[in-house]
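This is target.pdb. It holds PDB, C-alpha atoms.
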ATOM      1  CA  MET H  29     -36.596 -18.559  -9.179
ATOM      2  CA  GLN H  30     -34.056 -20.101 -11.501
ATOM      3  CA  VAL H  31     -30.979 -18.230 -12.794
ATOM      4  CA  VAL H  32     -29.881 -19.140 -16.283
ATOM      5  CA  VAL H  33     -26.280 -18.437 -17.265
ATOM      6  CA  SER H  34     -25.112 -18.981 -20.782
ATOM      7  CA  PHE H  35     -22.089 -21.197 -21.310
ATOM      8  CA  PRO H  36     -19.960 -18.461 -22.994
ATOM      9  CA  SER H  37     -20.698 -16.071 -20.110
ATOM     10  CA  PHE H  38     -19.686 -18.721 -17.589
ATOM     11  CA  ILE H  39     -16.406 -19.420 -19.414
ATOM     12  CA  LEU H  40     -15.662 -15.683 -19.577
ATOM     13  CA  PHE H  41     -16.361 -15.405 -15.839
ATOM     14  CA  LEU H  42     -13.942 -18.281 -15.107
ATOM     15  CA  LEU H  43     -11.207 -16.787 -17.271
ATOM     16  CA  LEU H  44     -11.485 -13.353 -15.687
ATOM     17  CA  SER H  45     -11.614 -14.820 -12.191
ATOM     18  CA  SER H  46      -8.490 -16.889 -12.743
ATOM     19  CA  ALA H  47      -6.678 -13.874 -14.236
ATOM     20  CA  MET H  48      -7.502 -11.798 -11.166
ATOM     21  CA  VAL H  49      -6.308 -14.552  -8.842
ATOM     22  CA  GLY H  50      -3.029 -14.717 -10.798
ATOM     23  CA  PHE H  51      -2.365 -11.015 -10.101
ATOM     24  CA  ALA H  52      -3.559 -11.091  -6.495
ATOM     25  CA  GLN H  53      -0.174 -12.284  -5.164
ATOM     26  CA  ASN H  54       2.123  -9.260  -4.919
ATOM     27  CA  TYR H  55       5.532  -9.034  -3.298
ATOM     28  CA  SER H  56       6.827  -5.966  -1.504
ATOM     29  CA  VAL H  57      10.564  -5.405  -1.185
ATOM     30  CA  HIS H  58      12.784  -2.745   0.374
ATOM     31  CA  LEU H  59      16.215  -2.602  -1.286
ATOM     32  CA  HIS H  60      19.034  -0.669   0.389
ATOM     33  CA  PHE H  61      22.273  -0.052  -1.504
ATOM     34  CA  TYR H  62      24.761   2.616  -2.543
ATOM     35  CA  PHE H  63      25.363   4.400  -5.834
ATOM     36  CA  LEU H  64      29.001   5.237  -6.627
ATOM     37  CA  GLU H  65      29.893   7.675  -9.388
ATOM     38  CA  ARG H  66      33.427   8.293 -10.542
ATOM     39  CA  VAL H  67      33.056  11.894 -11.630
ATOM     40  CA  VAL H  68      33.689  13.304 -15.087
ATOM     41  CA  GLY H  69      37.404  13.711 -15.717
ATOM     42  CA  SER H  70      38.554  11.260 -13.051
ATOM     43  CA  PRO H  71      40.297   7.963 -13.897
ATOM     44  CA  ASN H  72      37.764   5.273 -14.887
ATOM     45  CA  ALA H  73      34.923   7.815 -14.918
ATOM     46  CA  THR H  74      31.429   6.306 -14.804
ATOM     47  CA  ALA H  75      29.793   9.525 -16.028
ATOM     48  CA  VAL H  76      30.448  11.541 -19.176
ATOM     49  CA  VAL H  77      29.068  14.828 -20.409
ATOM     50  CA  SER H  78      27.425  14.337 -23.791
ATOM     51  CA  VAL H  79      26.042  17.886 -24.123
ATOM     52  CA  ASN H  80      27.953  20.682 -22.381
ATOM     53  CA  LEU H  81      26.377  24.100 -22.800
ATOM     54  CA  HIS H  82      28.180  25.489 -19.722
ATOM     55  CA  PRO H  83      31.890  24.560 -19.947
ATOM     56  CA  GLU H  84      32.716  27.237 -17.360
ATOM     57  CA  SER H  85      30.746  25.330 -14.684
ATOM     58  CA  PRO H  86      32.094  21.967 -13.464
ATOM     59  CA  ALA H  87      28.670  21.182 -11.948
ATOM     60  CA  GLY H  88      26.798  21.665 -15.220
ATOM     61  CA  GLY H  89      23.807  23.804 -15.967
ATOM     62  CA  PHE H  90      20.516  24.072 -17.792
ATOM     63  CA  GLY H  91      20.518  21.985 -20.969
ATOM     64  CA  ASP H  92      23.538  19.836 -20.099
ATOM     65  CA  ILE H  93      23.182  16.072 -20.492
ATOM     66  CA  ARG H  94      25.250  13.370 -18.814
ATOM     67  CA  VAL H  95      25.301   9.673 -19.542
ATOM     68  CA  ILE H  96      26.100   7.436 -16.594
ATOM     69  CA  ASP H  97      27.060   3.832 -15.937
ATOM     70  CA  ASN H  98      27.554   4.066 -12.176
ATOM     71  CA  ILE H  99      28.253   1.241  -9.761
ATOM     72  CA  LEU H 100      25.681  -0.110  -7.285
ATOM     73  CA  LEU H 101      27.353  -1.308  -4.089
ATOM     74  CA  GLU H 102      26.254  -3.220  -0.977
ATOM     75  CA  GLY H 103      27.949  -0.690   1.320
ATOM     76  CA  PRO H 104      29.139   2.935   1.266
ATOM     77  CA  GLU H 105      32.839   2.149   0.775
ATOM     78  CA  PRO H 106      34.199   2.027  -2.803
ATOM     79  CA  SER H 107      35.650  -1.413  -1.958
ATOM     80  CA  SER H 108      32.184  -2.833  -1.084
ATOM     81  CA  PRO H 109      30.927  -5.687  -3.275
ATOM     82  CA  ALA H 110      29.270  -4.502  -6.495
ATOM     83  CA  ILE H 111      25.679  -5.683  -6.993
ATOM     84  CA  GLY H 112      24.894  -3.890 -10.244
ATOM     85  CA  ARG H 113      24.988  -0.743 -12.352
ATOM     86  CA  ALA H 114      22.887   2.413 -12.665
ATOM     87  CA  GLN H 115      22.742   3.192 -16.378
ATOM     88  CA  GLY H 116      20.987   6.079 -18.061
ATOM     89  CA  LEU H 117      20.646   9.815 -18.571
ATOM     90  CA  VAL H 118      20.853  12.870 -16.343
ATOM     91  CA  VAL H 119      19.386  15.999 -17.945
ATOM     92  CA  TYR H 120      19.874  19.344 -16.222
ATOM     93  CA  SER H 121      16.433  20.816 -16.800
ATOM     94  CA  ASP H 122      16.170  23.396 -13.996
ATOM     95  CA  LEU H 123      16.755  27.014 -15.038
ATOM     96  CA  THR H 124      17.311  28.143 -11.443
ATOM     97  CA  GLY H 125      19.521  25.417  -9.987
ATOM     98  CA  LEU H 126      21.285  22.107 -10.378
ATOM     99  CA  SER H 127      18.258  19.830 -10.122
ATOM    100  CA  ALA H 128      18.092  17.266 -12.878
ATOM    101  CA  MET H 129      15.686  14.865 -14.516
ATOM    102  CA  THR H 130      17.001  11.292 -14.373
ATOM    103  CA  ALA H 131      16.004   8.254 -16.410
ATOM    104  CA  LEU H 132      17.942   5.255 -15.070
ATOM    105  CA  ASP H 133      17.946   1.484 -15.240
ATOM    106  CA  LEU H 134      19.117  -0.141 -12.011
ATOM    107  CA  VAL H 135      20.656  -3.330 -13.433
ATOM    108  CA  PHE H 136      21.419  -6.060 -10.887
ATOM    109  CA  THR H 137      24.431  -8.226 -11.744
ATOM    110  CA  ALA H 138      24.904 -10.135  -8.472
ATOM    111  CA  GLY H 139      22.953 -11.483  -5.524
ATOM    112  CA  ASP H 140      19.308 -12.503  -5.280
ATOM    113  CA  TYR H 141      18.202 -10.180  -8.100
ATOM    114  CA  ASN H 142      20.989 -10.988 -10.585
ATOM    115  CA  GLY H 143      19.649 -10.552 -14.135
ATOM    116  CA  SER H 144      16.763  -8.283 -13.116
ATOM    117  CA  SER H 145      16.459  -4.518 -13.392
ATOM    118  CA  LEU H 146      14.290  -1.613 -12.276
ATOM    119  CA  ALA H 147      13.396   1.505 -14.280
ATOM    120  CA  MET H 148      13.694   4.683 -12.184
ATOM    121  CA  PHE H 149      12.531   8.106 -13.348
ATOM    122  CA  GLY H 150      12.337  11.487 -11.662
ATOM    123  CA  ARG H 151      13.942  14.599 -10.275
ATOM    124  CA  TYR H 152      17.332  14.504  -8.566
ATOM    125  CA  GLU H 153      18.127  17.377  -6.205
ATOM    126  CA  PRO H 154      21.697  17.562  -4.854
ATOM    127  CA  GLY H 155      21.805  18.280  -1.133
ATOM    128  CA  ARG H 156      18.276  16.990  -0.498
ATOM    129  CA  VAL H 157      16.476  13.667  -0.333
ATOM    130  CA  SER H 158      15.377  12.904  -3.881
ATOM    131  CA  ASP H 159      12.120  11.011  -4.353
ATOM    132  CA  ARG H 160      11.891   9.221  -7.715
ATOM    133  CA  SER H 161       9.431   6.769  -9.221
ATOM    134  CA  ILE H 162      10.010   3.126 -10.048
ATOM    135  CA  ILE H 163       8.028   2.780 -13.270
ATOM    136  CA  GLY H 164       8.754  -0.823 -14.218
ATOM    137  CA  GLY H 165      11.334  -3.525 -14.384
ATOM    138  CA  ASN H 166      12.268  -6.830 -15.930
ATOM    139  CA  GLY H 167      13.256 -10.302 -14.835
ATOM    140  CA  GLN H 168      12.063 -10.863 -11.292
ATOM    141  CA  PHE H 169      10.840  -7.241 -11.174
ATOM    142  CA  ARG H 170       8.567  -7.364 -14.234
ATOM    143  CA  LEU H 171       5.666  -4.910 -13.732
ATOM    144  CA  ALA H 172       7.313  -3.407 -10.630
ATOM    145  CA  ARG H 173       6.068  -0.125  -9.262
ATOM    146  CA  GLY H 174       7.167   1.967  -6.311
ATOM    147  CA  TYR H 175       9.569   4.709  -5.355
ATOM    148  CA  ALA H 176      13.205   5.348  -4.530
ATOM    149  CA  LEU H 177      14.672   7.759  -2.007
ATOM    150  CA  SER H 178      18.275   8.830  -2.475
ATOM    151  CA  GLN H 179      20.633  11.187  -0.725
ATOM    152  CA  ARG H 180      24.300  12.141  -1.039
ATOM    153  CA  VAL H 181      26.384  10.574   1.742
ATOM    154  CA  ALA H 182      29.983  11.240   0.633
ATOM    155  CA  THR H 183      31.907  13.359  -1.864
ATOM    156  CA  THR H 184      35.599  13.421  -2.733
ATOM    157  CA  ALA H 185      37.461  15.024  -5.624
ATOM    158  CA  THR H 186      36.834  11.921  -7.768
ATOM    159  CA  ILE H 187      33.938   9.974  -6.202
ATOM    160  CA  VAL H 188      30.347  10.789  -5.282
ATOM    161  CA  THR H 189      28.337   8.307  -3.193
ATOM    162  CA  ASP H 190      24.563   8.318  -2.644
ATOM    163  CA  VAL H 191      22.477   5.961  -0.537
ATOM    164  CA  LEU H 192      19.367   4.519  -2.214
ATOM    165  CA  ASP H 193      16.333   3.052  -0.502
ATOM    166  CA  VAL H 194      14.013   1.493  -3.050
ATOM    167  CA  TYR H 195      10.488   0.365  -2.119
ATOM    168  CA  ILE H 196       8.733  -1.744  -4.743
ATOM    169  CA  THR H 197       5.765  -3.990  -5.249
ATOM    170  CA  TYR H 198       5.703  -6.547  -8.050
ATOM    171  CA  PRO H 199       3.559  -9.538  -9.012
TER     172      PRO H 199
END
Would you write out, as C-alpha cells, the structure that this file holds?
Amino acid sequence: MQVVVSFPSFILFLLLSSAMVGFAQNYSVHLHFYFLERVVGSPNATAVVSVNLHPESPAGGFGDIRVIDNILLEGPEPSSPAIGRAQGLVVYSDLTGLSAMTALDLVFTAGDYNGSSLAMFGRYEPGRVSDRSIIGGNGQFRLARGYALSQRVATTATIVTDVLDVYITYP
C-alpha cells in the first residue's frame, strides 16, 4: 500500500510541526520579593486616592479607587535594593469588607529581569494570603502565565509591606 501526500499538505505539516516545537520549551520561575507602599498622606506617598466615596474611613470603602506606583524590593526592609515598581489600580469592590480588585503591572527595573514586566490581576484581601493571576507580561516574560501569592508582613503609620511569591511559566 502506498500513501500519497500532496506537497501543500506536507509543507503545512512541516510548518505546524516547527511551530509546535518552538513553543515546546517553557521556563518556570519562582520570584520572591517585597512590595512597599508609602500610604496615602505620608511623605513621598506611592499611592493616591483618585475616587473617595468614603472620606470618613481612612481604609477606604466600596467604590473607592486608588492608583499606586509602589516599590518592589529584594528584602523586607525599606532600605533593601529596589528591583522594580508595582503600578496600577486598586478598586474597592466588596460591599461587605475591604477586599479589592487589583490590576497591576510588576515592572522590573533592575537585576536579571530588568526591562520586563508581569501583568497581575485579582482580588486582594488584607489580613489573608491573596491569590492573584499572572495574565501576561512583556520583555523576557512575554506570554507569561501563573499566579502570585501575597501577604502583609509589616505595617507602620506610613509604610505597608507585603511579601510576594510569584510562580510563572513563559516560553
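You will find CA of Thr186 (chain H) at 15.1 Å from CA of Asp97 (chain H).
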Residue neighbourhood region 104-115 of chain H, 9 Å, only C-alpha atoms, exclusion window fewer than 2 positions, as an MDAnalysis selection string: chainID H and resid 61:64 95:102 117 131:139 141:142 181:182 187 189:191
Residue IDs satisfying the PyMOL selection byres ((chain H and resi 162) around 6), as a ChimeraX atom specification: /H:147-148,161,163-164,173-175
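The list of residues within 7 Å of (18.1, 7.2, -0.4), counted using all atoms listed in the file, is Val157, Ala176, Leu177, Ser178, Gln179, Asp190, Val191, Leu192 and Asp193 of chain H.
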When the PyMOL selection byres ((chain H and resi 122) around 12) is applied to the structure above, which residues does it catch, written out as a PDB file with C-alpha atoms, keeping the file's coordinate frame?
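Listing of result16.pdb after writing:
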ATOM      1  CA  GLY H  88      26.798  21.665 -15.220  1.00  0.00           C
ATOM      2  CA  GLY H  89      23.807  23.804 -15.967  1.00  0.00           C
ATOM      3  CA  PHE H  90      20.516  24.072 -17.792  1.00  0.00           C
ATOM      4  CA  GLY H  91      20.518  21.985 -20.969  1.00  0.00           C
ATOM      5  CA  ASP H  92      23.538  19.836 -20.099  1.00  0.00           C
ATOM      6  CA  VAL H 118      20.853  12.870 -16.343  1.00  0.00           C
ATOM      7  CA  VAL H 119      19.386  15.999 -17.945  1.00  0.00           C
ATOM      8  CA  TYR H 120      19.874  19.344 -16.222  1.00  0.00           C
ATOM      9  CA  SER H 121      16.433  20.816 -16.800  1.00  0.00           C
ATOM     10  CA  LEU H 123      16.755  27.014 -15.038  1.00  0.00           C
ATOM     11  CA  THR H 124      17.311  28.143 -11.443  1.00  0.00           C
ATOM     12  CA  GLY H 125      19.521  25.417  -9.987  1.00  0.00           C
ATOM     13  CA  LEU H 126      21.285  22.107 -10.378  1.00  0.00           C
ATOM     14  CA  SER H 127      18.258  19.830 -10.122  1.00  0.00           C
ATOM     15  CA  ALA H 128      18.092  17.266 -12.878  1.00  0.00           C
ATOM     16  CA  MET H 129      15.686  14.865 -14.516  1.00  0.00           C
ATOM     17  CA  ARG H 151      13.942  14.599 -10.275  1.00  0.00           C
ATOM     18  CA  TYR H 152      17.332  14.504  -8.566  1.00  0.00           C
ATOM     19  CA  GLU H 153      18.127  17.377  -6.205  1.00  0.00           C
TER      20      GLU H 153
END
One decimal place gives the CA of Val77 (chain H)-CA of Ile93 (chain H) separation as 6.0 Å
When distances are computed from all atoms listed in the file, which of H:Gly165, H:Arg180, H:Arg94, H:Asn80 shows the smallest separation from Thr197 (chain H)?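 Among H:Gly165, H:Arg180, H:Arg94, H:Asn80, it is H:Gly165 that comes nearest to Thr197 (chain H).
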Between CA of Gly116 (chain H) and CA of Thr130 (chain H), distance in Å (one decimal):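 Calculated distance between CA of Gly116 (chain H) and CA of Thr130 (chain H) is 7.5 Å.
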Residue with smallest distance to Leu146 (chain H) - pool H:Asn166, H:Ser85, H:Thr183, H:Ser56, counting all atoms listed in the file: H:Asn166
Counting all atoms listed in the file, which residue out of H:Ala185, H:Gly155, H:Tyr55, H:Gly167 sits closest to Val68 (chain H)?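 Among the listed residues, H:Ala185 lies closest to Val68 (chain H).
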Have region 116-127 of chain H completed to all heavy atoms, please, and pass it along as a short mmCIF file (atom, residue, chain, number, x, y, z; two decimals), in the frame of the given file.
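Below is the file result.cif, written as the result:
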data_model
loop_
_atom_site.label_atom_id
_atom_site.label_comp_id
_atom_site.auth_asym_id
_atom_site.auth_seq_id
_atom_site.Cartn_x
_atom_site.Cartn_y
_atom_site.Cartn_z
N GLY H 116 22.01 5.23 -17.49
CA GLY H 116 20.99 6.08 -18.06
C GLY H 116 21.43 7.50 -18.29
O GLY H 116 22.62 7.78 -18.47
N LEU H 117 20.45 8.41 -18.24
CA LEU H 117 20.65 9.82 -18.57
C LEU H 117 20.34 10.71 -17.39
O LEU H 117 19.42 10.45 -16.61
CB LEU H 117 19.71 10.23 -19.70
CG LEU H 117 19.88 9.55 -21.05
CD1 LEU H 117 18.76 9.96 -21.98
CD2 LEU H 117 21.23 9.88 -21.63
N VAL H 118 21.11 11.80 -17.29
CA VAL H 118 20.85 12.87 -16.34
C VAL H 118 20.77 14.14 -17.17
O VAL H 118 21.73 14.52 -17.85
CB VAL H 118 21.98 12.98 -15.29
CG1 VAL H 118 21.73 14.13 -14.35
CG2 VAL H 118 22.15 11.66 -14.54
N VAL H 119 19.61 14.79 -17.15
CA VAL H 119 19.39 16.00 -17.94
C VAL H 119 19.14 17.16 -16.99
O VAL H 119 18.21 17.13 -16.18
CB VAL H 119 18.17 15.84 -18.88
CG1 VAL H 119 17.92 17.12 -19.67
CG2 VAL H 119 18.35 14.65 -19.80
N TYR H 120 20.02 18.17 -17.08
CA TYR H 120 19.87 19.34 -16.22
C TYR H 120 18.79 20.23 -16.82
O TYR H 120 19.01 20.93 -17.79
CB TYR H 120 21.22 20.07 -16.08
CG TYR H 120 22.18 19.24 -15.28
CD1 TYR H 120 22.99 18.29 -15.91
CD2 TYR H 120 22.23 19.33 -13.90
CE1 TYR H 120 23.84 17.48 -15.17
CE2 TYR H 120 23.08 18.53 -13.16
CZ TYR H 120 23.88 17.61 -13.81
OH TYR H 120 24.71 16.79 -13.08
N SER H 121 17.61 20.18 -16.21
CA SER H 121 16.43 20.82 -16.80
C SER H 121 15.84 21.90 -15.90
O SER H 121 14.70 22.30 -16.09
CB SER H 121 15.37 19.74 -17.08
OG SER H 121 15.11 18.99 -15.91
N ASP H 122 16.63 22.37 -14.93
CA ASP H 122 16.17 23.40 -14.00
C ASP H 122 16.89 24.71 -14.30
O ASP H 122 18.12 24.79 -14.17
CB ASP H 122 16.47 22.93 -12.58
CG ASP H 122 15.95 23.86 -11.50
OD1 ASP H 122 15.55 25.00 -11.82
OD2 ASP H 122 15.96 23.45 -10.33
N LEU H 123 16.16 25.72 -14.71
CA LEU H 123 16.76 27.01 -15.04
C LEU H 123 17.37 27.71 -13.83
O LEU H 123 18.28 28.51 -13.98
CB LEU H 123 15.69 27.95 -15.63
CG LEU H 123 15.40 27.80 -17.11
CD1 LEU H 123 14.17 28.61 -17.48
CD2 LEU H 123 16.59 28.22 -17.94
N THR H 124 16.89 27.39 -12.63
CA THR H 124 17.31 28.14 -11.44
C THR H 124 18.25 27.38 -10.53
O THR H 124 18.62 27.87 -9.48
CB THR H 124 16.08 28.58 -10.63
OG1 THR H 124 15.38 27.40 -10.20
CG2 THR H 124 15.17 29.45 -11.45
N GLY H 125 18.65 26.17 -10.88
CA GLY H 125 19.52 25.42 -9.99
C GLY H 125 20.13 24.21 -10.66
O GLY H 125 20.13 24.11 -11.88
N LEU H 126 20.61 23.29 -9.85
CA LEU H 126 21.28 22.11 -10.38
C LEU H 126 20.41 20.86 -10.36
O LEU H 126 20.92 19.76 -10.54
CB LEU H 126 22.57 21.85 -9.59
CG LEU H 126 23.65 22.91 -9.78
CD1 LEU H 126 24.85 22.59 -8.92
CD2 LEU H 126 24.05 23.00 -11.24
N SER H 127 19.14 21.00 -10.10
CA SER H 127 18.26 19.83 -10.12
C SER H 127 18.23 19.25 -11.52
O SER H 127 18.39 19.96 -12.51
CB SER H 127 16.84 20.21 -9.70
OG SER H 127 16.86 20.70 -8.39
#
